Amino acid sequence: MKLDLYRLELISNIHELMELKERLKNDVLDPKLNWRERMELYQSIQGINCRIENLNNRLENRPSA
């Protein structure tokens, strides 16, 4: 299950991203996957981590009311 980076950018809920990341981490352990499929999953997980970091940075830098 490789994620489309465009689709990933549309997700703005950090909790949803973390759940997706956990599902992908579990999928990596599937013995049916070959090396290439595992690497695609790792790339998707890296993309999710970057998206989470970007969203956290935005929240931290948002002016307080």
# chains A, B, ... in the order shown; residues from 1 in each chain; ligands from 1
>>> residues_around(residues="range 45-59 of chain A", least_positions_apart="5", cutoff="9 Å", atoms="only C-alpha atoms", output="list in words")
Leu3, Leu5, Leu8, Glu9, Ile11, Ser12, Asn13, Ile14, Leu17, Met18, Leu20, Lys21, Glu22, Leu24, Lys25 and Glu40 of chain A
>>> write_last_selection(atoms="all heavy atoms", output="short mmCIF file (atom, residue, chain, number, x, y, z; two decimals), in the first residue's frame")
data_model
loop_
_atom_site.label_atom_id
_atom_site.label_comp_id
_atom_site.auth_asym_id
_atom_site.auth_seq_id
_atom_site.Cartn_x
_atom_site.Cartn_y
_atom_site.Cartn_z
N LEU A 3 1.50 5.08 -0.58
CA LEU A 3 0.65 6.26 -0.52
C LEU A 3 1.02 7.26 -1.59
O LEU A 3 2.19 7.50 -1.85
CB LEU A 3 0.78 6.93 0.83
CG LEU A 3 0.11 6.24 1.99
CD1 LEU A 3 0.39 7.01 3.26
CD2 LEU A 3 -1.37 6.13 1.77
N LEU A 5 1.66 10.87 -2.52
CA LEU A 5 2.08 12.02 -1.73
C LEU A 5 1.07 13.15 -1.79
O LEU A 5 0.88 13.89 -0.84
CB LEU A 5 3.46 12.50 -2.17
CG LEU A 5 4.60 11.53 -1.87
CD1 LEU A 5 5.92 12.10 -2.40
CD2 LEU A 5 4.71 11.25 -0.38
N LEU A 8 -1.53 12.38 0.69
CA LEU A 8 -0.98 12.59 2.02
C LEU A 8 -1.06 14.06 2.41
O LEU A 8 -1.36 14.40 3.56
CB LEU A 8 0.47 12.11 2.06
CG LEU A 8 1.16 12.03 3.39
CD1 LEU A 8 0.40 11.13 4.35
CD2 LEU A 8 2.56 11.52 3.21
N GLU A 9 -0.82 14.97 1.47
CA GLU A 9 -0.87 16.40 1.75
C GLU A 9 -2.29 16.86 2.07
O GLU A 9 -2.48 17.90 2.69
CB GLU A 9 -0.31 17.20 0.57
CG GLU A 9 1.18 17.10 0.43
CD GLU A 9 1.93 17.68 1.63
OE1 GLU A 9 1.54 18.75 2.13
OE2 GLU A 9 2.90 17.03 2.05
N ILE A 11 -4.36 15.25 4.00
CA ILE A 11 -4.71 14.85 5.36
C ILE A 11 -4.12 15.86 6.33
O ILE A 11 -2.91 16.07 6.36
CB ILE A 11 -4.18 13.43 5.67
CG1 ILE A 11 -4.74 12.41 4.68
CG2 ILE A 11 -4.55 13.04 7.10
CD1 ILE A 11 -4.14 11.03 4.81
N SER A 12 -4.97 16.50 7.12
CA SER A 12 -4.49 17.51 8.05
C SER A 12 -4.74 17.12 9.51
O SER A 12 -4.43 17.88 10.41
CB SER A 12 -5.12 18.86 7.76
OG SER A 12 -6.52 18.76 7.88
N ASN A 13 -5.25 15.93 9.73
CA ASN A 13 -5.52 15.44 11.08
C ASN A 13 -4.33 14.59 11.53
O ASN A 13 -4.08 13.51 10.98
CB ASN A 13 -6.81 14.63 11.06
CG ASN A 13 -7.19 14.11 12.42
OD1 ASN A 13 -6.36 13.65 13.19
ND2 ASN A 13 -8.48 14.18 12.71
N ILE A 14 -3.59 15.08 12.51
CA ILE A 14 -2.39 14.38 12.97
C ILE A 14 -2.73 13.00 13.50
O ILE A 14 -2.01 12.03 13.25
CB ILE A 14 -1.64 15.22 14.03
CG1 ILE A 14 -1.08 16.49 13.36
CG2 ILE A 14 -0.53 14.42 14.68
CD1 ILE A 14 -0.45 17.46 14.31
N LEU A 17 -3.13 10.64 10.66
CA LEU A 17 -1.82 10.32 10.08
C LEU A 17 -1.07 9.30 10.94
O LEU A 17 -0.45 8.38 10.41
CB LEU A 17 -0.98 11.59 9.93
CG LEU A 17 -1.40 12.54 8.83
CD1 LEU A 17 -0.73 13.88 9.01
CD2 LEU A 17 -1.10 11.95 7.46
N MET A 18 -1.16 9.45 12.25
CA MET A 18 -0.47 8.51 13.13
C MET A 18 -1.08 7.11 13.04
O MET A 18 -0.36 6.11 13.06
CB MET A 18 -0.48 9.04 14.56
CG MET A 18 0.37 10.29 14.70
SD MET A 18 0.34 10.99 16.33
CE MET A 18 1.80 10.21 16.99
N LEU A 20 -2.58 5.88 10.39
CA LEU A 20 -2.17 5.38 9.08
C LEU A 20 -0.73 4.87 9.14
O LEU A 20 -0.40 3.80 8.62
CB LEU A 20 -2.31 6.49 8.04
CG LEU A 20 -1.91 6.15 6.61
CD1 LEU A 20 -2.69 4.96 6.08
CD2 LEU A 20 -2.11 7.37 5.73
N LYS A 21 0.13 5.62 9.82
CA LYS A 21 1.52 5.21 9.96
C LYS A 21 1.63 3.87 10.70
O LYS A 21 2.39 2.99 10.29
CB LYS A 21 2.31 6.28 10.71
CG LYS A 21 3.77 5.95 10.88
CD LYS A 21 4.54 7.09 11.48
CE LYS A 21 4.56 7.01 12.97
NZ LYS A 21 5.48 7.93 13.60
N GLU A 22 0.85 3.69 11.75
CA GLU A 22 0.88 2.43 12.49
C GLU A 22 0.41 1.26 11.63
O GLU A 22 0.97 0.17 11.69
CB GLU A 22 0.03 2.53 13.77
CG GLU A 22 0.64 3.39 14.83
CD GLU A 22 2.04 2.96 15.22
OE1 GLU A 22 2.26 1.76 15.46
OE2 GLU A 22 2.93 3.83 15.28
N LEU A 24 0.70 1.04 8.38
CA LEU A 24 1.77 0.76 7.43
C LEU A 24 2.93 0.04 8.11
O LEU A 24 3.53 -0.87 7.53
CB LEU A 24 2.27 2.05 6.78
CG LEU A 24 1.30 2.73 5.83
CD1 LEU A 24 1.91 4.03 5.31
CD2 LEU A 24 0.92 1.82 4.69
N LYS A 25 3.24 0.43 9.35
CA LYS A 25 4.31 -0.25 10.08
C LYS A 25 3.96 -1.72 10.28
O LYS A 25 4.84 -2.58 10.19
CB LYS A 25 4.55 0.44 11.42
CG LYS A 25 5.32 1.75 11.27
CD LYS A 25 5.37 2.58 12.52
CE LYS A 25 5.97 1.91 13.71
NZ LYS A 25 6.05 2.81 14.89
N GLU A 40 8.80 0.66 -0.49
CA GLU A 40 7.73 1.60 -0.79
C GLU A 40 6.95 1.96 0.48
O GLU A 40 6.58 3.11 0.68
CB GLU A 40 6.79 1.03 -1.85
CG GLU A 40 7.42 0.99 -3.23
CD GLU A 40 6.54 0.32 -4.27
OE1 GLU A 40 5.50 -0.27 -3.90
OE2 GLU A 40 6.90 0.39 -5.46
#
>>> atom_distance(atom1="CA of Gln43 in chain A", atom2="CA of Arg23 in chain A")
13.9 Å
>>> select_by_dssp(residues="chain A", states="helix (DSSP H, G or I)", output="PyMOL selection string")
chain A and resi 5-10+14-28+35-61
